[in-house]
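Dumped final.txt below, it's compact mmCIF, N, CA and C atoms and all ligand atoms:
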# COMPACT_ATOMS: atom_id res chain seq x y z
N MET A 82 0.85 -1.19 0.00
CA MET A 82 0.00 0.00 0.00
C MET A 82 0.89 1.24 0.00
N GLN A 83 0.58 2.22 -0.85
CA GLN A 83 1.38 3.44 -0.93
C GLN A 83 0.60 4.60 -0.30
N HIS A 84 1.19 5.24 0.72
CA HIS A 84 0.56 6.40 1.35
C HIS A 84 1.18 7.65 0.77
N ASP A 85 0.41 8.71 0.68
CA ASP A 85 0.95 9.97 0.16
C ASP A 85 1.37 10.84 1.35
N LEU A 86 2.69 10.95 1.55
CA LEU A 86 3.21 11.75 2.68
C LEU A 86 3.92 13.00 2.18
N LYS A 87 3.60 13.44 0.96
CA LYS A 87 4.23 14.66 0.45
C LYS A 87 3.92 15.83 1.38
N GLY A 88 4.98 16.60 1.70
CA GLY A 88 4.79 17.75 2.58
C GLY A 88 4.91 17.41 4.05
N ARG A 89 5.03 16.13 4.37
CA ARG A 89 5.20 15.71 5.76
C ARG A 89 6.69 15.57 6.07
N VAL A 90 7.02 15.75 7.36
CA VAL A 90 8.41 15.65 7.79
C VAL A 90 8.50 14.60 8.89
N ALA A 91 9.40 13.64 8.71
CA ALA A 91 9.60 12.60 9.72
C ALA A 91 10.98 12.73 10.35
N LEU A 92 11.04 12.67 11.67
CA LEU A 92 12.32 12.66 12.38
C LEU A 92 12.53 11.26 12.94
N ILE A 93 13.69 10.71 12.61
CA ILE A 93 13.99 9.31 12.96
C ILE A 93 15.28 9.25 13.77
N THR A 94 15.22 8.61 14.94
CA THR A 94 16.45 8.38 15.70
C THR A 94 16.88 6.92 15.48
N GLY A 95 18.19 6.68 15.52
CA GLY A 95 18.70 5.32 15.27
C GLY A 95 18.49 4.92 13.83
N GLY A 96 18.73 5.86 12.91
CA GLY A 96 18.39 5.64 11.50
C GLY A 96 19.55 5.25 10.60
N ALA A 97 20.70 4.89 11.18
CA ALA A 97 21.84 4.53 10.32
C ALA A 97 21.71 3.12 9.76
N ARG A 98 20.91 2.30 10.40
CA ARG A 98 20.77 0.90 9.96
C ARG A 98 19.44 0.35 10.49
N GLY A 99 19.18 -0.90 10.17
CA GLY A 99 18.05 -1.62 10.75
C GLY A 99 16.69 -0.98 10.48
N ILE A 100 15.84 -1.06 11.50
CA ILE A 100 14.46 -0.60 11.36
C ILE A 100 14.42 0.91 11.07
N GLY A 101 15.31 1.67 11.74
CA GLY A 101 15.32 3.13 11.54
C GLY A 101 15.65 3.50 10.09
N GLN A 102 16.65 2.83 9.52
CA GLN A 102 16.99 3.13 8.12
C GLN A 102 15.84 2.70 7.20
N ALA A 103 15.27 1.52 7.48
CA ALA A 103 14.15 1.04 6.64
C ALA A 103 12.98 2.03 6.71
N CYS A 104 12.70 2.57 7.91
CA CYS A 104 11.61 3.55 8.04
C CYS A 104 11.93 4.81 7.24
N ALA A 105 13.18 5.26 7.32
CA ALA A 105 13.57 6.47 6.57
C ALA A 105 13.33 6.27 5.08
N VAL A 106 13.70 5.11 4.58
CA VAL A 106 13.56 4.84 3.14
C VAL A 106 12.08 4.74 2.75
N VAL A 107 11.31 4.00 3.55
CA VAL A 107 9.89 3.82 3.21
C VAL A 107 9.14 5.15 3.30
N LEU A 108 9.43 5.94 4.35
CA LEU A 108 8.76 7.24 4.49
C LEU A 108 9.14 8.16 3.32
N ALA A 109 10.42 8.10 2.92
CA ALA A 109 10.85 8.92 1.76
C ALA A 109 10.18 8.43 0.48
N GLN A 110 10.06 7.11 0.33
CA GLN A 110 9.36 6.58 -0.86
C GLN A 110 7.92 7.07 -0.91
N CYS A 111 7.33 7.29 0.26
CA CYS A 111 5.95 7.78 0.32
C CYS A 111 5.88 9.31 0.19
N GLY A 112 7.04 9.96 0.08
CA GLY A 112 7.04 11.40 -0.19
C GLY A 112 7.50 12.27 0.96
N ALA A 113 7.77 11.69 2.12
CA ALA A 113 8.13 12.51 3.29
C ALA A 113 9.56 13.05 3.18
N GLU A 114 9.80 14.19 3.83
CA GLU A 114 11.15 14.71 4.02
C GLU A 114 11.68 14.08 5.32
N ILE A 115 12.99 13.93 5.41
CA ILE A 115 13.54 13.12 6.49
C ILE A 115 14.61 13.87 7.28
N ALA A 116 14.46 13.87 8.61
CA ALA A 116 15.53 14.26 9.53
C ALA A 116 15.93 12.98 10.26
N VAL A 117 17.21 12.63 10.17
CA VAL A 117 17.61 11.33 10.72
C VAL A 117 18.92 11.45 11.48
N CYS A 118 18.99 10.77 12.61
CA CYS A 118 20.24 10.82 13.40
C CYS A 118 20.59 9.44 13.91
N ASP A 119 21.84 9.30 14.31
CA ASP A 119 22.34 8.05 14.86
C ASP A 119 23.69 8.30 15.50
N LEU A 120 24.09 7.40 16.38
CA LEU A 120 25.46 7.41 16.92
C LEU A 120 26.46 7.14 15.80
N LEU A 121 26.06 6.27 14.87
CA LEU A 121 26.93 5.86 13.77
C LEU A 121 26.87 6.89 12.64
N PRO A 122 27.86 6.88 11.72
CA PRO A 122 27.75 7.76 10.55
C PRO A 122 26.45 7.51 9.80
N ILE A 123 25.84 8.60 9.34
CA ILE A 123 24.47 8.54 8.85
C ILE A 123 24.39 8.68 7.31
N GLY A 124 25.60 8.73 6.69
CA GLY A 124 25.67 9.03 5.25
C GLY A 124 24.90 8.07 4.36
N GLU A 125 24.91 6.78 4.71
CA GLU A 125 24.23 5.81 3.84
C GLU A 125 22.73 6.10 3.78
N THR A 126 22.15 6.37 4.96
CA THR A 126 20.70 6.64 4.99
C THR A 126 20.38 7.95 4.27
N VAL A 127 21.22 8.96 4.49
CA VAL A 127 21.00 10.24 3.81
C VAL A 127 21.06 10.03 2.29
N GLY A 128 22.04 9.23 1.84
CA GLY A 128 22.17 8.95 0.40
C GLY A 128 20.93 8.26 -0.16
N LYS A 129 20.42 7.28 0.60
CA LYS A 129 19.25 6.53 0.12
C LYS A 129 18.02 7.44 -0.01
N THR A 130 17.86 8.36 0.94
CA THR A 130 16.67 9.23 0.87
C THR A 130 16.85 10.29 -0.21
N LYS A 131 18.10 10.76 -0.36
CA LYS A 131 18.32 11.77 -1.40
C LYS A 131 18.18 11.15 -2.80
N ASP A 132 18.54 9.85 -2.94
CA ASP A 132 18.32 9.15 -4.21
C ASP A 132 16.83 9.17 -4.59
N LEU A 133 15.99 9.27 -3.55
CA LEU A 133 14.53 9.30 -3.79
C LEU A 133 14.03 10.74 -3.98
N LYS A 134 15.02 11.66 -4.10
CA LYS A 134 14.71 13.09 -4.35
C LYS A 134 13.96 13.74 -3.19
N ARG A 135 14.28 13.30 -1.98
CA ARG A 135 13.68 13.92 -0.80
C ARG A 135 14.74 14.75 -0.09
N ARG A 136 14.31 15.85 0.52
CA ARG A 136 15.25 16.59 1.36
C ARG A 136 15.54 15.76 2.60
N CYS A 137 16.80 15.79 3.03
CA CYS A 137 17.18 14.98 4.20
C CYS A 137 18.23 15.71 5.01
N LEU A 138 18.00 15.78 6.31
CA LEU A 138 18.98 16.33 7.25
C LEU A 138 19.48 15.16 8.10
N GLY A 139 20.76 14.86 7.99
CA GLY A 139 21.32 13.74 8.75
C GLY A 139 22.42 14.21 9.67
N LYS A 140 22.48 13.60 10.87
CA LYS A 140 23.50 14.04 11.82
C LYS A 140 23.85 12.91 12.78
N GLN A 141 25.14 12.88 13.19
CA GLN A 141 25.54 11.94 14.24
C GLN A 141 25.19 12.56 15.58
N VAL A 142 24.32 11.88 16.30
CA VAL A 142 23.81 12.37 17.58
C VAL A 142 23.71 11.19 18.55
N ASP A 143 24.10 11.43 19.80
CA ASP A 143 23.86 10.44 20.85
C ASP A 143 22.60 10.86 21.58
N VAL A 144 21.54 10.07 21.43
CA VAL A 144 20.25 10.49 22.00
C VAL A 144 20.25 10.48 23.52
N THR A 145 21.27 9.87 24.14
CA THR A 145 21.34 9.89 25.60
C THR A 145 21.90 11.23 26.10
N HIS A 146 22.42 12.05 25.18
CA HIS A 146 22.89 13.39 25.54
C HIS A 146 21.79 14.39 25.19
N ARG A 147 21.07 14.78 26.20
CA ARG A 147 19.86 15.59 26.01
C ARG A 147 20.11 16.84 25.15
N ASN A 148 21.21 17.54 25.43
CA ASN A 148 21.46 18.78 24.70
C ASN A 148 21.77 18.53 23.23
N GLU A 149 22.50 17.41 22.96
CA GLU A 149 22.80 17.05 21.56
C GLU A 149 21.50 16.78 20.80
N LEU A 150 20.62 16.03 21.45
CA LEU A 150 19.35 15.67 20.81
C LEU A 150 18.49 16.93 20.61
N LYS A 151 18.47 17.78 21.64
CA LYS A 151 17.67 19.01 21.56
C LYS A 151 18.16 19.88 20.39
N ARG A 152 19.50 19.97 20.25
CA ARG A 152 20.07 20.76 19.14
C ARG A 152 19.65 20.19 17.79
N PHE A 153 19.65 18.85 17.70
CA PHE A 153 19.26 18.24 16.43
C PHE A 153 17.79 18.54 16.10
N VAL A 154 16.93 18.43 17.11
CA VAL A 154 15.50 18.73 16.89
C VAL A 154 15.34 20.19 16.47
N GLU A 155 16.08 21.08 17.13
CA GLU A 155 15.99 22.51 16.76
C GLU A 155 16.48 22.74 15.33
N GLU A 156 17.57 22.05 14.96
CA GLU A 156 18.08 22.17 13.59
C GLU A 156 17.04 21.66 12.59
N ALA A 157 16.41 20.54 12.93
CA ALA A 157 15.40 19.97 12.03
C ALA A 157 14.22 20.94 11.88
N LEU A 158 13.81 21.54 13.00
CA LEU A 158 12.69 22.50 12.94
C LEU A 158 13.07 23.73 12.11
N ALA A 159 14.34 24.17 12.26
CA ALA A 159 14.79 25.33 11.49
C ALA A 159 14.85 24.99 10.00
N PHE A 160 15.25 23.76 9.68
CA PHE A 160 15.42 23.33 8.29
C PHE A 160 14.08 23.08 7.60
N PHE A 161 13.19 22.37 8.31
CA PHE A 161 11.93 21.95 7.67
C PHE A 161 10.72 22.77 8.13
N SER A 162 10.89 23.56 9.19
CA SER A 162 9.81 24.37 9.78
C SER A 162 8.80 23.57 10.60
N LYS A 163 8.88 22.25 10.57
CA LYS A 163 7.94 21.45 11.38
C LYS A 163 8.44 20.01 11.44
N ILE A 164 7.86 19.24 12.34
CA ILE A 164 8.07 17.79 12.40
C ILE A 164 6.69 17.17 12.58
N ASP A 165 6.32 16.27 11.68
CA ASP A 165 5.00 15.65 11.76
C ASP A 165 5.03 14.28 12.43
N THR A 166 6.15 13.58 12.26
CA THR A 166 6.21 12.17 12.65
C THR A 166 7.51 11.87 13.38
N LEU A 167 7.44 11.08 14.42
CA LEU A 167 8.65 10.63 15.12
C LEU A 167 8.78 9.12 15.01
N VAL A 168 9.97 8.65 14.68
CA VAL A 168 10.28 7.21 14.73
C VAL A 168 11.49 7.07 15.66
N THR A 169 11.27 6.56 16.86
CA THR A 169 12.33 6.56 17.87
C THR A 169 12.92 5.16 18.01
N CYS A 170 13.76 4.79 17.05
CA CYS A 170 14.44 3.49 17.12
C CYS A 170 15.57 3.52 18.13
N ALA A 171 16.16 4.68 18.37
CA ALA A 171 17.11 4.85 19.47
C ALA A 171 16.45 5.80 20.46
N ALA A 172 16.39 5.36 21.70
CA ALA A 172 15.75 6.18 22.73
C ALA A 172 16.29 5.76 24.08
N ILE A 173 15.87 6.43 25.10
CA ILE A 173 16.28 6.01 26.44
C ILE A 173 15.08 5.46 27.18
N CYS A 174 15.34 4.58 28.12
CA CYS A 174 14.25 3.98 28.89
C CYS A 174 14.62 4.03 30.37
N PRO A 175 14.40 5.18 30.99
CA PRO A 175 14.75 5.27 32.41
C PRO A 175 13.83 4.39 33.24
N ASN A 176 14.33 3.97 34.38
CA ASN A 176 13.49 3.15 35.26
C ASN A 176 12.32 3.98 35.77
N GLY A 177 11.25 3.30 36.07
CA GLY A 177 10.09 4.01 36.63
C GLY A 177 8.85 3.74 35.82
N TYR A 178 7.71 3.99 36.47
CA TYR A 178 6.41 3.76 35.85
C TYR A 178 6.15 4.85 34.82
N VAL A 179 5.88 4.47 33.58
CA VAL A 179 5.82 5.43 32.47
C VAL A 179 4.88 6.62 32.76
N PRO A 180 3.64 6.39 33.23
CA PRO A 180 2.74 7.54 33.44
C PRO A 180 3.26 8.55 34.46
N ASN A 181 4.21 8.13 35.31
CA ASN A 181 4.73 9.05 36.33
C ASN A 181 5.93 9.85 35.85
N ARG A 182 6.42 9.57 34.63
CA ARG A 182 7.63 10.24 34.16
C ARG A 182 7.34 11.63 33.63
N GLU A 183 8.36 12.48 33.72
CA GLU A 183 8.29 13.80 33.08
C GLU A 183 8.44 13.59 31.57
N PRO A 184 7.74 14.34 30.72
CA PRO A 184 7.91 14.18 29.27
C PRO A 184 9.31 14.61 28.83
N1 LIG B 201 14.78 -5.95 15.26
C1 LIG B 201 13.75 -6.44 15.94
O1 LIG B 201 13.21 -7.55 15.72
C2 LIG B 201 13.12 -5.58 17.04
C3 LIG B 201 11.97 -6.05 17.68
C4 LIG B 201 11.37 -5.26 18.69
C5 LIG B 201 11.93 -4.04 19.04
N2 LIG B 201 13.07 -3.63 18.42
C6 LIG B 201 13.61 -2.35 18.83
O2 LIG B 201 13.55 -1.45 17.72
C7 LIG B 201 14.68 -0.60 17.76
C8 LIG B 201 15.49 -0.71 16.47
O3 LIG B 201 15.82 -2.07 16.25
P1 LIG B 201 16.89 -2.48 15.12
O4 LIG B 201 16.77 -3.96 14.96
O5 LIG B 201 16.72 -1.61 13.92
O6 LIG B 201 18.26 -2.16 15.89
P2 LIG B 201 19.68 -1.79 15.28
O7 LIG B 201 20.67 -2.10 16.37
O8 LIG B 201 19.90 -2.38 13.93
O9 LIG B 201 19.58 -0.20 15.09
C9 LIG B 201 19.57 0.65 16.20
C10 LIG B 201 20.27 1.92 15.78
O10 LIG B 201 20.25 2.80 16.90
C11 LIG B 201 21.52 3.42 17.00
N3 LIG B 201 21.76 3.86 18.36
C12 LIG B 201 21.99 3.08 19.46
N4 LIG B 201 22.21 3.85 20.53
C13 LIG B 201 22.10 5.14 20.11
C14 LIG B 201 22.25 6.39 20.76
N5 LIG B 201 22.53 6.47 22.06
N6 LIG B 201 22.07 7.51 20.03
C15 LIG B 201 21.79 7.45 18.71
N7 LIG B 201 21.65 6.28 18.04
C16 LIG B 201 21.82 5.14 18.73
C17 LIG B 201 22.50 2.34 16.58
O11 LIG B 201 23.76 2.92 16.20
C18 LIG B 201 21.76 1.68 15.42
O12 LIG B 201 22.06 2.29 14.17
C19 LIG B 201 15.51 -1.01 18.98
O13 LIG B 201 15.13 -0.16 20.05
C20 LIG B 201 15.06 -2.44 19.23
O14 LIG B 201 15.21 -2.77 20.59
C21 LIG B 201 13.66 -4.37 17.43
Can the structure from this file be put into structure tokens for me?
Ligand SMILES: NC(=O)c1ccc[n+]([C@@H]2O[C@H](COP(=O)([O-])OP(=O)(O)OC[C@H]3O[C@@H](n4cnc5c(N)ncnc54)[C@H](O)[C@@H]3O)[C@@H](O)[C@H]2O)c1
Amino acid sequence: MQHDLKGRVALITGGARGIGQACAVVLAQCGAEIAVCDLLPIGETVGKTKDLKRRCLGKQVDVTHRNELKRFVEEALAFFSKIDTLVTCAAICPNGYVPNREP
């Protein structure tokens, strides 16, 4: 099934390989613009999305470093003006009951 995501922006963490990279490619195939980050070099994923003629912002980011991640989100917002979708293949999972956590 092909969805039309033209004009949508997806931000993906952990996008250098695996599920994150596959999501970046599929979302780009559906027309979305892509902001993608990973601890690893992100060039392969950026290349794959740009081959699909989509704008892509890629960066090496450690999502466990709050300020690094915040800077990347701010850069993505400055570049694309919005973020519609999040795919969090790399994330943190602090101990504690989820509903009691701070966002
Ligand atoms: N593959 C599966 O069958 C499966 C099933 C259920 C859940 N998951 C979960 O889905 C997510 C992705 O799975 P995957 O198989 O694509 O894993 P993967 O290991 O292939 O990819 C994870 C990516 O996250 C990046 N990453 C790790 N720590 C990071 C950090 N601190 N900052 C930035 N990037 C970081 C890695 O460099 C890697 O590129 C994982 O959270 C995994 O636990 C996977």
Rounded to one decimal place, report the atom N of A:Ile100-atom CA of A:Gly124 distance in Å.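 Separation between atom N of A:Ile100 and atom CA of A:Gly124: 15.4 Å.
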Which residues form the shell of 6.5 Å around ligand LIG 201 (chain B) when you count only N, CA and C atoms and all ligand atoms, given as a ChimeraX atom specification? /A:94-102,118-121,142-146,169-172
Identify which of the residues A:Leu138, A:Ile93, A:Lys87, A:Arg182 lies closest to A:Phe160, counting only N, CA and C atoms when measuring atom-to-atom distances.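 Among A:Leu138, A:Ile93, A:Lys87, A:Arg182, it is A:Leu138 that comes nearest to A:Phe160.
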Using all atoms listed in the file: which of A:Leu150, A:Cys111, A:Val106, A:Cys174 has the shortest distance to A:Lys129: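 Using all atoms listed in the file, A:Lys129 sits closest to A:Val106.
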To box stretch 128-141 of chain A, take all atoms listed in the file, fit an axis-aligned box, add 6 Å on each side, and give centre and edge lengths in Å to one decimal, as AutoDock Vina command-line options.
--center_x 19.6 --center_y 11.6 --center_z 5.5 --size_x 23.9 --size_y 22.1 --size_z 32.2
Between A:Ile173, A:Val127, A:Ala113, A:Ala159, single out the one closest to A:Val90, counting all atoms listed in the file.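 Answer, going by the shortest atom-to-atom distance: A:Ala113.
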What's the 10 Å shell around A:Ile164, counting only C-alpha atoms, without same-chain residues fewer than 2 positions away, as JSON, numbers by chain? {"A": [89, 90, 91, 92, 114, 115, 116, 154, 157, 158, 161, 162, 166, 167]}
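The gap separating atom CA of A:Arg147 from atom CA of A:Val179 is 18.5 Å, in Å to one decimal.
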I need the residue nearest A:Ala105 from this list: A:Gln141, A:Thr126, A:Gly177, A:Gln83. Use all atoms listed in the file for the distance.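 Distance minimum relative to A:Ala105 lands on A:Thr126.
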I'd like the interatomic distance between atom CA of A:Arg136 and atom C of A:Ala109, to a tenth of an Å.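 Computed distance, atom CA of A:Arg136 to atom C of A:Ala109, equals 9.6 Å.
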Secondary structure check, alpha helix (DSSP H) residues of stretch 107-175 of chain A, as a count of residues only: 28
For the strand (DSSP E) assignment from backbone DSSP, which residues of stretch 99-153 of chain A qualify? Please present them as a ChimeraX atom specification. /A:114-119,137-141
Minimum-distance residue to A:Gln110, chosen among A:Val168, A:Cys137, A:Ile123, A:Leu86 (using all atoms listed in the file):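 Ranking A:Val168, A:Cys137, A:Ile123, A:Leu86 by distance to A:Gln110, first place goes to A:Leu86.
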Put stretch 83-111 of chain A into a file with C-alpha atoms, as a compact mmCIF listing (two decimals), in the first residue's frame.
# COMPACT_ATOMS: atom_id res chain seq x y z
CA GLN A 83 1.38 3.44 -0.93
CA HIS A 84 0.56 6.40 1.35
CA ASP A 85 0.95 9.97 0.16
CA LEU A 86 3.21 11.75 2.68
CA LYS A 87 4.23 14.66 0.45
CA GLY A 88 4.79 17.75 2.58
CA ARG A 89 5.20 15.71 5.76
CA VAL A 90 8.41 15.65 7.79
CA ALA A 91 9.60 12.60 9.72
CA LEU A 92 12.32 12.66 12.38
CA ILE A 93 13.99 9.31 12.96
CA THR A 94 16.45 8.38 15.70
CA GLY A 95 18.70 5.32 15.27
CA GLY A 96 18.39 5.64 11.50
CA ALA A 97 21.84 4.53 10.32
CA ARG A 98 20.77 0.90 9.96
CA GLY A 99 18.05 -1.62 10.75
CA ILE A 100 14.46 -0.60 11.36
CA GLY A 101 15.32 3.13 11.54
CA GLN A 102 16.99 3.13 8.12
CA ALA A 103 14.15 1.04 6.64
CA CYS A 104 11.61 3.55 8.04
CA ALA A 105 13.57 6.47 6.57
CA VAL A 106 13.56 4.84 3.14
CA VAL A 107 9.89 3.82 3.21
CA LEU A 108 8.76 7.24 4.49
CA ALA A 109 10.85 8.92 1.76
CA GLN A 110 9.36 6.58 -0.86
CA CYS A 111 5.95 7.78 0.32
